[in-house]
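Visitor: If it helps, the file is called model.cif and holds mmCIF, C-alpha atoms and all ligand atoms:
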data_query
#
loop_
_atom_site.label_atom_id
_atom_site.label_comp_id
_atom_site.auth_asym_id
_atom_site.auth_seq_id
_atom_site.Cartn_x
_atom_site.Cartn_y
_atom_site.Cartn_z
CA MET A 1 -17.09 -26.84 -9.71
CA SER A 2 -18.97 -23.99 -11.45
CA ASP A 3 -17.92 -22.82 -14.92
CA ALA A 4 -16.70 -19.53 -13.48
CA ALA A 5 -14.56 -21.30 -10.88
CA SER A 6 -13.04 -23.77 -13.38
CA ASN A 7 -12.33 -20.86 -15.73
CA CYS A 8 -10.32 -19.09 -13.08
CA LEU A 9 -6.60 -19.95 -12.97
CA LEU A 10 -5.60 -17.68 -10.11
CA SER A 11 -7.73 -16.18 -7.43
CA MET A 12 -6.76 -13.46 -4.93
CA ARG A 13 -8.89 -13.45 -1.81
CA GLY A 14 -8.70 -10.44 0.44
CA LEU A 15 -5.00 -9.94 -0.31
CA THR A 16 -3.37 -7.36 1.90
CA ARG A 17 0.28 -6.43 2.34
CA GLU A 18 1.64 -3.97 4.88
CA PHE A 19 5.20 -2.69 5.17
CA ARG A 20 6.58 -1.40 8.44
CA ILE A 21 8.74 1.61 7.75
CA GLY A 22 11.28 3.25 10.04
CA GLY A 23 10.87 3.09 13.78
CA GLY A 24 13.68 3.65 16.23
CA LEU A 25 14.29 4.18 19.88
CA PHE A 26 12.00 7.21 20.11
CA SER A 27 9.76 6.94 17.07
CA PRO A 28 7.29 4.13 16.44
CA ALA A 29 7.40 2.33 13.06
CA LYS A 30 4.81 3.50 10.54
CA VAL A 31 2.69 1.00 8.69
CA LEU A 32 2.17 1.43 4.96
CA ARG A 33 -0.61 -0.64 3.43
CA ALA A 34 0.64 -1.16 -0.13
CA VAL A 35 -2.15 -3.59 -1.10
CA SER A 36 -5.48 -3.62 0.66
CA ASP A 37 -8.18 -6.29 0.57
CA VAL A 38 -7.84 -7.23 -3.10
CA TRP A 39 -10.30 -9.81 -4.44
CA LEU A 40 -9.62 -10.77 -8.03
CA ASP A 41 -10.17 -13.79 -10.27
CA VAL A 42 -7.75 -14.16 -13.17
CA PRO A 43 -9.45 -16.13 -15.97
CA ARG A 44 -7.55 -18.91 -17.69
CA GLY A 45 -6.14 -18.22 -21.17
CA ARG A 46 -6.98 -14.51 -20.99
CA VAL A 47 -5.03 -11.28 -20.45
CA THR A 48 -5.92 -9.40 -17.29
CA GLY A 49 -4.46 -5.91 -17.10
CA ILE A 50 -3.66 -4.01 -13.92
CA VAL A 51 -3.31 -0.27 -14.29
CA GLY A 52 -2.69 2.61 -11.91
CA GLU A 53 -0.26 5.37 -11.03
CA SER A 54 3.21 4.83 -9.63
CA GLY A 55 3.09 3.59 -6.04
CA CYS A 56 -0.51 2.28 -6.18
CA GLY A 57 0.67 -1.26 -5.37
CA LYS A 58 0.90 -2.98 -8.76
CA SER A 59 4.32 -4.59 -8.25
CA THR A 60 3.47 -5.57 -4.69
CA LEU A 61 0.32 -7.27 -5.98
CA ALA A 62 2.36 -9.01 -8.71
CA ARG A 63 4.82 -10.38 -6.17
CA LEU A 64 2.01 -11.48 -3.85
CA ALA A 65 0.33 -13.31 -6.77
CA LEU A 66 3.43 -15.51 -7.21
CA ARG A 67 4.23 -15.60 -3.49
CA LEU A 68 7.54 -13.91 -4.10
CA LEU A 69 6.27 -11.88 -1.15
CA ASP A 70 4.15 -13.12 1.75
CA ALA A 71 0.76 -11.54 2.37
CA THR A 72 -0.09 -9.81 5.65
CA ALA A 73 -3.62 -11.15 5.19
CA GLY A 74 -5.62 -13.00 2.57
CA SER A 75 -4.68 -15.80 0.23
CA VAL A 76 -3.79 -16.72 -3.35
CA ILE A 77 -5.24 -19.83 -4.95
CA PHE A 78 -3.51 -21.09 -8.11
CA ASP A 79 -5.32 -23.88 -9.91
CA ASP A 80 -7.02 -24.98 -6.67
CA VAL A 81 -3.78 -24.87 -4.63
CA GLU A 82 -3.40 -22.29 -1.88
CA LEU A 83 0.11 -20.86 -2.22
CA GLY A 84 0.36 -19.84 1.45
CA GLY A 85 0.11 -23.47 2.55
CA LEU A 86 2.98 -24.77 0.40
CA LYS A 87 6.39 -25.85 1.69
CA SER A 88 9.39 -24.35 -0.13
CA GLY A 89 10.00 -27.48 -2.28
CA GLU A 90 6.33 -27.60 -3.31
CA LEU A 91 6.36 -23.88 -4.09
CA ARG A 92 9.53 -24.27 -6.18
CA GLU A 93 7.87 -27.01 -8.20
CA LEU A 94 4.70 -24.97 -8.73
CA ARG A 95 6.82 -21.99 -9.86
CA ARG A 96 7.56 -23.87 -13.08
CA ARG A 97 3.96 -23.10 -13.99
CA MET A 98 3.93 -19.45 -12.87
CA GLN A 99 6.63 -17.01 -13.82
CA MET A 100 7.38 -13.28 -13.82
CA VAL A 101 8.82 -10.96 -16.45
CA PHE A 102 10.27 -7.80 -14.93
CA GLN A 103 10.34 -4.23 -16.20
CA ASP A 104 14.09 -3.90 -16.31
CA PRO A 105 15.62 -6.33 -18.81
CA TYR A 106 19.02 -5.68 -17.18
CA SER A 107 17.81 -7.17 -13.91
CA SER A 108 16.73 -10.43 -15.57
CA VAL A 109 20.15 -11.23 -17.05
CA ASP A 110 23.33 -11.33 -15.00
CA PRO A 111 26.01 -9.30 -16.88
CA ARG A 112 28.63 -11.98 -16.16
CA TYR A 113 26.64 -14.76 -17.83
CA THR A 114 26.45 -15.46 -21.54
CA ILE A 115 22.92 -15.65 -22.91
CA ARG A 116 23.32 -19.45 -23.04
CA GLU A 117 24.18 -19.54 -19.33
CA ALA A 118 21.31 -17.18 -18.52
CA LEU A 119 18.88 -19.45 -20.34
CA VAL A 120 20.16 -22.64 -18.71
CA GLU A 121 19.98 -21.14 -15.22
CA PRO A 122 16.21 -21.71 -14.72
CA PHE A 123 16.84 -25.44 -15.09
CA ARG A 124 19.60 -25.32 -12.47
CA VAL A 125 17.29 -23.42 -10.11
CA GLN A 126 14.69 -26.18 -10.57
CA ARG A 127 17.38 -28.86 -10.09
CA ILE A 128 16.79 -30.24 -13.59
CA ARG A 129 19.97 -31.72 -15.07
CA LEU A 130 20.42 -31.21 -18.81
CA THR A 131 23.09 -32.91 -20.92
CA ALA A 132 25.20 -30.55 -23.06
CA ALA A 133 23.22 -31.58 -26.15
CA GLU A 134 19.86 -31.03 -24.37
CA ALA A 135 21.01 -27.63 -23.10
CA LYS A 136 22.10 -26.59 -26.59
CA SER A 137 18.81 -27.58 -28.19
CA ARG A 138 16.69 -26.03 -25.40
CA VAL A 139 18.60 -22.74 -25.65
CA GLU A 140 18.18 -22.68 -29.44
CA GLU A 141 14.48 -23.45 -29.09
CA MET A 142 14.00 -20.70 -26.47
CA LEU A 143 15.84 -18.07 -28.51
CA THR A 144 13.89 -18.93 -31.65
CA MET A 145 10.61 -18.81 -29.74
CA VAL A 146 11.22 -15.15 -28.79
CA GLY A 147 12.43 -14.17 -32.26
CA LEU A 148 16.19 -14.13 -31.56
CA SER A 149 18.92 -15.80 -33.56
CA PRO A 150 20.45 -18.89 -31.87
CA HIS A 151 23.82 -17.29 -32.71
CA LEU A 152 23.26 -14.86 -29.85
CA ALA A 153 23.71 -17.70 -27.31
CA SER A 154 27.40 -16.96 -26.85
CA SER A 155 26.91 -13.16 -26.50
CA TYR A 156 27.02 -11.25 -23.24
CA PRO A 157 24.11 -9.03 -22.17
CA HIS A 158 26.05 -5.78 -22.87
CA GLN A 159 26.26 -6.84 -26.53
CA LEU A 160 22.45 -6.92 -26.80
CA SER A 161 19.97 -4.06 -27.24
CA GLY A 162 17.31 -3.36 -24.59
CA GLY A 163 14.66 -5.08 -26.72
CA GLN A 164 16.85 -8.16 -27.25
CA LYS A 165 17.54 -8.36 -23.50
CA GLN A 166 13.83 -8.20 -22.74
CA ARG A 167 13.30 -11.05 -25.25
CA VAL A 168 15.88 -13.06 -23.29
CA GLY A 169 13.98 -12.21 -20.07
CA ILE A 170 10.78 -13.54 -21.68
CA ALA A 171 12.59 -16.67 -22.93
CA ARG A 172 13.84 -17.36 -19.40
CA ALA A 173 10.31 -17.01 -18.03
CA LEU A 174 9.12 -19.54 -20.63
CA ALA A 175 11.87 -22.11 -19.88
CA HIS A 176 9.57 -24.47 -17.97
CA LYS A 177 6.58 -23.98 -20.27
CA PRO A 178 4.48 -22.17 -17.67
CA SER A 179 0.74 -21.57 -17.96
CA PHE A 180 0.74 -18.22 -16.10
CA LEU A 181 2.95 -15.17 -16.61
CA VAL A 182 2.98 -12.01 -14.54
CA LEU A 183 4.40 -9.21 -16.69
CA ASP A 184 5.36 -6.22 -14.56
CA GLU A 185 5.68 -3.26 -16.95
CA PRO A 186 7.67 -5.38 -19.43
CA THR A 187 7.95 -2.58 -21.98
CA ALA A 188 8.24 0.49 -19.75
CA SER A 189 12.01 0.89 -20.06
CA LEU A 190 12.07 0.45 -23.85
CA ASP A 191 11.78 2.93 -26.75
CA VAL A 192 8.25 3.27 -28.13
CA SER A 193 9.03 1.42 -31.40
CA ILE A 194 10.63 -1.47 -29.50
CA GLN A 195 7.70 -1.53 -27.05
CA ALA A 196 5.36 -2.32 -29.96
CA GLN A 197 7.55 -5.25 -31.05
CA ILE A 198 7.65 -6.72 -27.54
CA VAL A 199 3.87 -6.33 -27.17
CA ALA A 200 3.44 -8.11 -30.54
CA LEU A 201 5.71 -10.94 -29.34
CA LEU A 202 3.77 -11.25 -26.06
CA GLU A 203 0.46 -11.33 -27.98
CA TYR A 204 1.77 -14.05 -30.28
CA LEU A 205 3.09 -16.18 -27.38
CA GLN A 206 -0.11 -15.77 -25.40
CA ARG A 207 -2.22 -17.05 -28.29
CA ASP A 208 0.21 -19.69 -29.50
CA LEU A 209 0.87 -21.21 -26.07
CA GLY A 210 -2.57 -20.50 -24.57
CA LEU A 211 -0.97 -18.55 -21.70
CA THR A 212 -2.74 -16.65 -18.96
CA TYR A 213 -1.26 -13.17 -18.37
CA LEU A 214 -1.45 -10.70 -15.54
CA PHE A 215 -0.16 -7.64 -17.39
CA ILE A 216 0.84 -4.65 -15.31
CA SER A 217 1.24 -1.16 -16.69
CA HIS A 218 0.73 2.47 -15.78
CA ASP A 219 -0.38 3.05 -19.39
CA LEU A 220 -4.15 2.64 -19.74
CA GLY A 221 -3.87 3.07 -23.53
CA LEU A 222 -1.58 0.03 -23.76
CA VAL A 223 -3.69 -2.00 -21.33
CA ARG A 224 -6.84 -1.24 -23.32
CA TYR A 225 -5.11 -2.36 -26.48
CA PHE A 226 -3.70 -5.56 -25.05
CA CYS A 227 -5.93 -6.84 -22.25
CA ASP A 228 -9.29 -8.62 -22.10
CA THR A 229 -10.18 -7.39 -18.61
CA ILE A 230 -8.87 -4.17 -17.05
CA VAL A 231 -8.35 -3.77 -13.32
CA VAL A 232 -7.79 -0.23 -12.07
CA MET A 233 -5.95 0.31 -8.78
CA TYR A 234 -5.75 3.42 -6.64
CA LEU A 235 -3.69 3.58 -3.44
CA GLY A 236 -3.61 -0.18 -2.87
CA ARG A 237 -7.22 -0.94 -3.70
CA ILE A 238 -9.08 -2.03 -6.80
CA VAL A 239 -11.47 0.77 -7.76
CA GLU A 240 -12.84 -0.59 -11.03
CA ILE A 241 -12.87 -3.79 -13.09
CA LEU A 242 -13.79 -3.24 -16.74
CA PRO A 243 -14.93 -6.45 -18.43
CA ASN A 244 -13.49 -5.47 -21.82
CA ALA A 245 -11.37 -2.85 -23.55
CA VAL A 246 -14.28 -0.85 -24.92
CA ALA A 247 -16.30 -0.63 -21.69
CA LYS A 248 -16.89 3.00 -20.68
CA PRO A 249 -15.18 3.87 -17.38
CA ARG A 250 -17.63 4.37 -14.52
CA HIS A 251 -15.11 5.38 -11.83
CA PRO A 252 -14.06 9.06 -12.04
CA TYR A 253 -10.43 8.03 -11.53
CA THR A 254 -10.48 5.65 -14.53
CA LYS A 255 -12.15 8.35 -16.61
CA THR A 256 -9.33 10.76 -15.75
CA LEU A 257 -6.70 8.12 -16.55
CA LEU A 258 -8.38 7.50 -19.89
CA ASP A 259 -8.62 11.21 -20.74
CA SER A 260 -4.91 11.58 -20.00
CA THR A 261 -3.95 8.67 -22.25
CA PHE A 262 -6.11 9.49 -25.26
CA GLU A 263 -3.13 10.91 -27.14
CA PRO A 264 -1.60 7.94 -28.99
CA ASP A 265 1.95 9.31 -28.71
CA PRO A 266 2.93 8.59 -25.05
CA SER A 267 5.49 11.43 -25.04
CA LYS A 268 2.70 13.95 -25.72
CA ARG A 269 0.25 12.59 -23.14
CA ARG A 270 -0.84 14.84 -20.33
CA HIS A 271 0.57 13.50 -17.14
CA ILE A 272 -1.98 12.26 -14.65
CA SER A 273 -0.34 14.18 -11.80
CA ARG A 274 -1.79 17.37 -13.34
CA LEU A 275 -5.04 16.29 -11.73
CA SER A 276 -6.07 18.83 -9.15
CA GLY A 277 -5.91 17.83 -5.49
CA GLU A 278 -3.28 16.00 -3.50
CA ILE A 279 -2.77 12.25 -3.53
CA PRO A 280 -3.32 11.29 0.12
CA SER A 281 -0.35 9.83 1.96
CA ALA A 282 -0.35 6.03 1.85
CA PHE A 283 0.51 6.16 5.58
CA ASP A 284 -2.55 8.16 6.45
CA LEU A 285 -5.44 7.32 4.18
CA PRO A 286 -8.70 9.23 4.66
CA LYS A 287 -11.62 7.29 6.10
CA GLY A 288 -13.84 7.90 3.07
CA CYS A 289 -12.98 7.48 -0.61
CA ALA A 290 -9.22 7.79 -1.16
CA PHE A 291 -9.86 9.64 -4.44
CA ALA A 292 -12.16 12.28 -2.89
CA ALA A 293 -9.54 15.07 -2.75
CA ARG A 294 -8.98 14.78 -6.50
CA CYS A 295 -12.52 13.94 -7.61
CA SER A 296 -14.76 16.61 -9.17
CA HIS A 297 -17.85 14.56 -8.21
CA ALA A 298 -16.98 14.22 -4.50
CA ALA A 299 -19.85 14.81 -2.06
CA ASP A 300 -19.98 14.71 1.76
CA ARG A 301 -20.77 10.99 1.75
CA CYS A 302 -17.54 10.34 -0.19
CA ARG A 303 -15.45 11.94 2.57
CA GLN A 304 -17.24 9.99 5.32
CA GLU A 305 -17.78 6.51 3.93
CA ARG A 306 -15.41 4.35 1.89
CA PRO A 307 -17.19 3.03 -1.22
CA GLU A 308 -17.22 -0.78 -1.41
CA MET A 309 -16.80 -2.65 -4.67
CA SER A 310 -20.15 -3.42 -6.32
CA ASP A 311 -20.68 -7.16 -6.41
CA ALA A 312 -22.49 -7.34 -9.74
CA PRO A 313 -20.65 -9.67 -12.14
CA GLY A 314 -18.96 -8.08 -15.13
CA HIS A 315 -18.36 -4.36 -14.77
CA ARG A 316 -17.56 -3.60 -11.12
CA VAL A 317 -16.87 -0.23 -9.55
CA ALA A 318 -16.13 1.14 -6.07
CA CYS A 319 -17.74 4.57 -6.15
CA HIS A 320 -20.78 6.12 -4.43
CA TYR A 321 -21.72 8.02 -7.59
CA PRO A 322 -20.46 6.03 -10.58
CA LEU A 323 -20.60 7.69 -13.99
CA ASN A 324 -23.16 6.57 -16.55
N1 LIG B 1 9.80 -3.53 0.33
C1 LIG B 1 9.13 -2.43 0.59
N2 LIG B 1 9.29 -1.78 1.76
C2 LIG B 1 8.60 -0.67 2.05
N3 LIG B 1 7.68 -0.11 1.23
C3 LIG B 1 7.47 -0.71 0.06
C4 LIG B 1 8.18 -1.89 -0.33
N4 LIG B 1 7.75 -2.26 -1.57
C5 LIG B 1 6.82 -1.34 -1.93
N5 LIG B 1 6.66 -0.41 -0.96
C6 LIG B 1 5.71 0.72 -0.99
O1 LIG B 1 4.44 0.20 -1.33
C7 LIG B 1 3.74 1.09 -2.20
C8 LIG B 1 3.40 0.34 -3.47
O2 LIG B 1 4.61 0.08 -4.18
P1 LIG B 1 4.63 -0.74 -5.55
O3 LIG B 1 6.06 -0.87 -5.94
O4 LIG B 1 3.84 -1.97 -5.38
O5 LIG B 1 3.87 0.27 -6.52
P2 LIG B 1 3.74 0.25 -8.12
O6 LIG B 1 2.30 0.50 -8.42
O7 LIG B 1 4.36 -0.97 -8.67
O8 LIG B 1 4.59 1.53 -8.55
P3 LIG B 1 5.44 1.77 -9.89
O9 LIG B 1 4.43 2.11 -10.98
O10 LIG B 1 6.28 2.96 -9.56
O11 LIG B 1 6.24 0.55 -10.20
C9 LIG B 1 4.67 2.28 -2.41
O12 LIG B 1 4.27 3.30 -1.52
C10 LIG B 1 6.03 1.74 -2.08
O13 LIG B 1 6.87 2.76 -1.60
S1 LIG B 2 -16.86 7.77 -4.17
FE1 LIG B 2 -17.16 9.97 -4.44
S2 LIG B 2 -15.08 10.84 -4.32
FE2 LIG B 2 -14.84 8.65 -4.65
S3 LIG B 2 -14.67 8.46 -6.85
FE3 LIG B 2 -16.83 8.17 -6.37
S4 LIG B 2 -17.75 10.23 -6.58
FE4 LIG B 2 -15.51 10.49 -6.48
MG MG B 3 5.94 -1.33 -10.00
#
Could you rewrite the structure in this file as structure tokens?
Ligand SMILES: Nc1ncnc2c1ncn2[C@@H]1O[C@H](COP(=O)(O)OP(=O)(O)OP(=O)(O)O)[C@@H](O)[C@H]1O
Ligand code: SF4
Ligand SMILES: [Mg+2]

Guide:
Amino acid sequence: MSDAASNCLLSMRGLTREFRIGGGLFSPAKVLRAVSDVWLDVPRGRVTGIVGESGCGKSTLARLALRLLDATAGSVIFDDVELGGLKSGELRELRRRMQMVFQDPYSSVDPRYTIREALVEPFRVQRIRLTAAEAKSRVEEMLTMVGLSPHLASSYPHQLSGGQKQRVGIARALAHKPSFLVLDEPTASLDVSIQAQIVALLEYLQRDLGLTYLFISHDLGLVRYFCDTIVVMYLGRIVEILPNAVAKPRHPYTKTLLDSTFEPDPSKRRHISRLSGEIPSAFDLPKGCAFAARCSHAADRCRQERPEMSDAPGHRVACHYPLN
């Protein structure tokens, strides 16, 4: 195995997911391609960020990566195992090593469960029996790991703040000591000051436990702060992969995203939708570059021919006229 291959924990190969929408007696169903031909290697022990506007396919890609959703085409390889070929029992076992943290901390904890019950549930799902003493010590360990007091074990979710609930969501994801976490906008529903605390916790856990993260956000400023590699998506496709946080964007779309996030206070940032030009409908993508209608550099070739991803290692870009 080459160094690059052994360094890669998860690999997406031509991943595509379509959704059929509507369709009735007199109208055919429409097909929406939420993720299109995504090739991506996620390096072990590093933080890979995925950034793009709402609806560009980030959550769909996250769910495909863990096979919480089946692909229409393509495959996911996790540590040399192709997820598509696994039976449900094998997949359940592998899921101990790959977990997801969701945006909404409310969705990760059932309001009827105490925090203790919420933290023991992952073991029940995996059919691991814990004695009462084991459960108590595991719950205490998990709460401490995410910076919460073990006293909170008997609380109900409504007694916790949003930040505390998200810490419980992270603790649940860590229950089986996974090596890979997909974090789908884990701080998006929290106040800015609490966001910083959760990001600090995630940074600490990543380093301390040697975790591999796929970190999803619509906030390029946050992704540049937190991630080693930055993957930019537009309408279901990867348009740029920046090898590090200080690399200068070469795709006009990434440049626009960056310009709109330069203001450190997110509440004062210009919203990306102020870009001129319409976002094409995901049902009816143009044959050329999907960004052409909004791109100030667009030329005839851009409207005729879809730019392919450059295959040079390191900084990769899908644009006919990348910026220097
Ligand atoms: N189950 C589904 N059925 C039909 N369409 C779906 C489904 N899930 C996602 N989509 C569509 O796929 C596209 C991508 O959605 P996705 O949720 O992956 O985007 P996203 O980048 O995560 O957006 P956001 O930033 O708002 O979370 C959208 O057009 C969405 O409406
Ligand atoms: S291919 Fe053309 S339209 Fe698309 S981003 Fe590059 S310059 Fe702009
Ligand atoms: Mg999403």

Visitor: How many Å separate CA of Ile115 in chain A from CA of Gly162 in chain A?

Guide: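 Atom-to-atom, CA of Ile115 in chain A and CA of Gly162 in chain A are spaced 13.6 Å apart.
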
Visitor: Against ligand LIG 1 (chain B), which residues of chain A fall within 10 Å? For each one I want the closest pair of atoms and the distance in Å (one decimal), counting all atoms listed in the file, rows by chain and increasing residue number, as CSV.

Guide:
residue,atom,partner,partner_atom,distance
A:Arg17,CA,B:LIG1,O1,8.6
A:Glu18,CA,B:LIG1,O1,8.0
A:Phe19,CA,B:LIG1,C2,5.0
A:Arg20,CA,B:LIG1,C2,6.7
A:Ile21,CA,B:LIG1,C2,6.1
A:Gly22,CA,B:LIG1,C2,9.3
A:Val31,CA,B:LIG1,N3,9.0
A:Leu32,CA,B:LIG1,O1,6.8
A:Arg33,CA,B:LIG1,O1,7.0
A:Ala34,CA,B:LIG1,O1,4.2
A:Val35,CA,B:LIG1,C8,7.2
A:Ile50,CA,B:LIG1,O6,9.3
A:Val51,CA,B:LIG1,O6,8.2
A:Gly52,CA,B:LIG1,O6,6.4
A:Glu53,CA,B:LIG1,O9,5.7
A:Ser54,CA,B:LIG1,O9,3.3
A:Gly55,CA,B:LIG1,O5,3.4
A:Cys56,CA,B:LIG1,O6,4.0
A:Gly57,CA,B:LIG1,O4,3.2
A:Lys58,CA,B:LIG1,O6,3.8
A:Ser59,CA,B:LIG1,O7,3.6
A:Thr60,CA,B:LIG1,O4,3.7
A:Leu61,CA,B:LIG1,O4,6.4
A:Ala62,CA,B:LIG1,O4,7.9
A:Arg63,CA,B:LIG1,O4,8.5
A:Leu64,CA,B:LIG1,O4,9.8
A:Leu69,CA,B:LIG1,N1,9.2
A:Gln103,CA,B:LIG1,O11,8.7
A:Asp184,CA,B:LIG1,O7,8.0
A:Glu185,CA,B:LIG1,O11,7.8
A:Ala188,CA,B:LIG1,O9,9.7
A:Ile216,CA,B:LIG1,O7,8.4
A:Ser217,CA,B:LIG1,O9,7.3
A:His218,CA,B:LIG1,O9,6.1
A:Asp219,CA,B:LIG1,O9,9.7
A:Met233,CA,B:LIG1,O6,8.3
A:Tyr234,CA,B:LIG1,O6,8.7
A:Leu235,CA,B:LIG1,C8,7.8
A:Gly236,CA,B:LIG1,C8,7.1
A:Ser281,CA,B:LIG1,O12,8.7
A:Ala282,CA,B:LIG1,O12,6.3
A:Phe283,CA,B:LIG1,O12,8.5

Visitor: Let me make sure I understand: among A:Val146, A:Leu285, A:Arg316, A:Pro252, which one has the smallest atom-to-atom distance to ligand LIG 2 (chain B) if we use all atoms listed in the file?

Guide: A:Pro252

Visitor: Have a look at A:Arg129, A:His251, A:Phe102, A:Met145 and name the one nearest to Thr187 in chain A; count all atoms listed in the file.

Guide: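 Of A:Arg129, A:His251, A:Phe102, A:Met145, the one nearest Thr187 in chain A is A:Phe102, counting all atoms listed in the file.
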
Visitor: When distances are computed from all atoms listed in the file, which of A:Tyr156, A:Tyr204, A:Phe215, A:Trp39 shows the smallest separation from ligand MG 3 (chain B)?

Guide: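 Result for the nearest residue to ligand MG 3 (chain B): A:Phe215.
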
Visitor: Residues of chain A that approach ligand LIG 2 (chain B) to 10 Å or less, counting only C-alpha atoms and all ligand atoms: could you list each one with the shortest pair of atoms and its distance in Å to one decimal, rows by chain and increasing residue number, as CSV?

Guide:
residue,atom,partner,partner_atom,distance
A:Val239,CA,B:LIG2,S3,8.4
A:Arg250,CA,B:LIG2,FE3,9.0
A:His251,CA,B:LIG2,S3,5.9
A:Pro252,CA,B:LIG2,S3,5.3
A:Tyr253,CA,B:LIG2,S3,6.3
A:Thr254,CA,B:LIG2,S3,9.2
A:Gly288,CA,B:LIG2,FE2,7.8
A:Cys289,CA,B:LIG2,FE2,4.6
A:Ala290,CA,B:LIG2,FE2,6.7
A:Phe291,CA,B:LIG2,FE2,5.1
A:Ala292,CA,B:LIG2,S2,3.6
A:Ala293,CA,B:LIG2,S2,7.1
A:Arg294,CA,B:LIG2,S2,7.6
A:Cys295,CA,B:LIG2,FE4,4.7
A:Ser296,CA,B:LIG2,FE4,6.7
A:His297,CA,B:LIG2,S4,4.6
A:Ala298,CA,B:LIG2,S2,3.9
A:Ala299,CA,B:LIG2,FE1,6.0
A:Asp300,CA,B:LIG2,FE1,8.3
A:Arg301,CA,B:LIG2,FE1,7.2
A:Cys302,CA,B:LIG2,FE1,4.3
A:Arg303,CA,B:LIG2,S2,7.0
A:Gln304,CA,B:LIG2,S1,9.8
A:Glu305,CA,B:LIG2,S1,8.2
A:Arg306,CA,B:LIG2,S1,7.1
A:Pro307,CA,B:LIG2,S1,5.6
A:Glu308,CA,B:LIG2,S1,9.0
A:Val317,CA,B:LIG2,FE3,9.0
A:Ala318,CA,B:LIG2,S1,6.9
A:Cys319,CA,B:LIG2,FE3,3.7
A:His320,CA,B:LIG2,S1,4.3
A:Tyr321,CA,B:LIG2,S4,4.7
A:Pro322,CA,B:LIG2,FE3,6.0
A:Leu323,CA,B:LIG2,S4,8.3

Visitor: I need the residue nearest ligand MG 3 (chain B) from this list: A:Ser189, A:Thr131, A:Gln166, A:Thr72. Use all atoms listed in the file for the distance.

Guide: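 Smallest distance to ligand MG 3 (chain B) is found for A:Ser189.
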
Visitor: Could you tell me how far CA of Ile230 in chain A lies from CA of Thr48 in chain A, in Å and to one decimal?

Guide: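 Answer for the CA of Ile230 in chain A to CA of Thr48 in chain A separation: 6.0 Å.
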
Visitor: Can you work out the spacing between CA of Val81 in chain A and CA of Val47 in chain A in Å, to one decimal?

Guide: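 Separation of CA of Val81 in chain A and CA of Val47 in chain A: 20.9 Å.
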
Visitor: Nearest to Met12 in chain A among A:Asp80, A:Glu90, A:Glu117, A:Glu134, with distances taken over only C-alpha atoms: which residue is it?

Guide: A:Asp80

Visitor: Identify the residues within 9 Å of coordinate (-10.2, -13.6, -18.0) (same frame as the file), considering all atoms listed in the file, and give the answer as a PyMOL selection string.

Guide: chain A and resi 7-9+41-48+212-213+228-229+243

Visitor: When you count all atoms listed in the file, which of these residues is closest to Pro186 in chain A: A:Ala171, A:Leu202, A:Ala73, A:Ala118?

Guide: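 Result for the nearest residue to Pro186 in chain A: A:Leu202.
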
Visitor: Leaving out Glu140 in chain A and any residue of its chain fewer than 6 positions from it, which residues lie within 12 Å of it when counting only C-alpha atoms, given as a list of chain:residue names?

Guide: A:Ile115, A:Arg116, A:Leu119, A:Val120, A:Ala133, A:Glu134, A:Val146, A:Gly147, A:Leu148, A:Ser149, A:Pro150, A:His151, A:Leu152, A:Ala153, A:Ser154, A:Val168, A:Ala171, A:Ala175

Visitor: Hey, can I get the axis-aligned box for range 162-169 of chain A? All listed atoms, 4 Å padding on each side, centre and edge lengths in Å to one decimal, as JSON.

Guide:
{"center_x": 15.4, "center_y": -8.2, "center_z": -23.7, "size_x": 12.2, "size_y": 17.7, "size_z": 15.2}

Visitor: With C-alpha atoms as the atom set, please write range 300-316 of chain A from the structure just given, as a PDB file, in the first residue's frame.

Guide:
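Saved file selection.pdb follows:
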ATOM      1  CA  ASP A 300     -18.383  31.192 -23.561  1.00  0.00           C
ATOM      2  CA  ARG A 301     -16.422  28.026 -22.820  1.00  0.00           C
ATOM      3  CA  CYS A 302     -17.754  28.064 -19.245  1.00  0.00           C
ATOM      4  CA  ARG A 303     -21.359  27.948 -20.482  1.00  0.00           C
ATOM      5  CA  GLN A 304     -20.631  25.114 -22.928  1.00  0.00           C
ATOM      6  CA  GLU A 305     -18.261  22.783 -21.126  1.00  0.00           C
ATOM      7  CA  ARG A 306     -18.326  21.629 -17.505  1.00  0.00           C
ATOM      8  CA  PRO A 307     -14.894  22.123 -15.907  1.00  0.00           C
ATOM      9  CA  GLU A 308     -13.403  18.882 -14.554  1.00  0.00           C
ATOM     10  CA  MET A 309     -11.425  18.746 -11.329  1.00  0.00           C
ATOM     11  CA  SER A 310      -7.688  19.183 -11.929  1.00  0.00           C
ATOM     12  CA  ASP A 311      -5.884  16.001 -10.972  1.00  0.00           C
ATOM     13  CA  ALA A 312      -2.726  17.598  -9.599  1.00  0.00           C
ATOM     14  CA  PRO A 313      -2.139  16.520  -5.991  1.00  0.00           C
ATOM     15  CA  GLY A 314      -2.532  19.171  -3.314  1.00  0.00           C
ATOM     16  CA  HIS A 315      -4.522  22.189  -4.414  1.00  0.00           C
ATOM     17  CA  ARG A 316      -7.259  21.053  -6.819  1.00  0.00           C
TER      18      ARG A 316
END
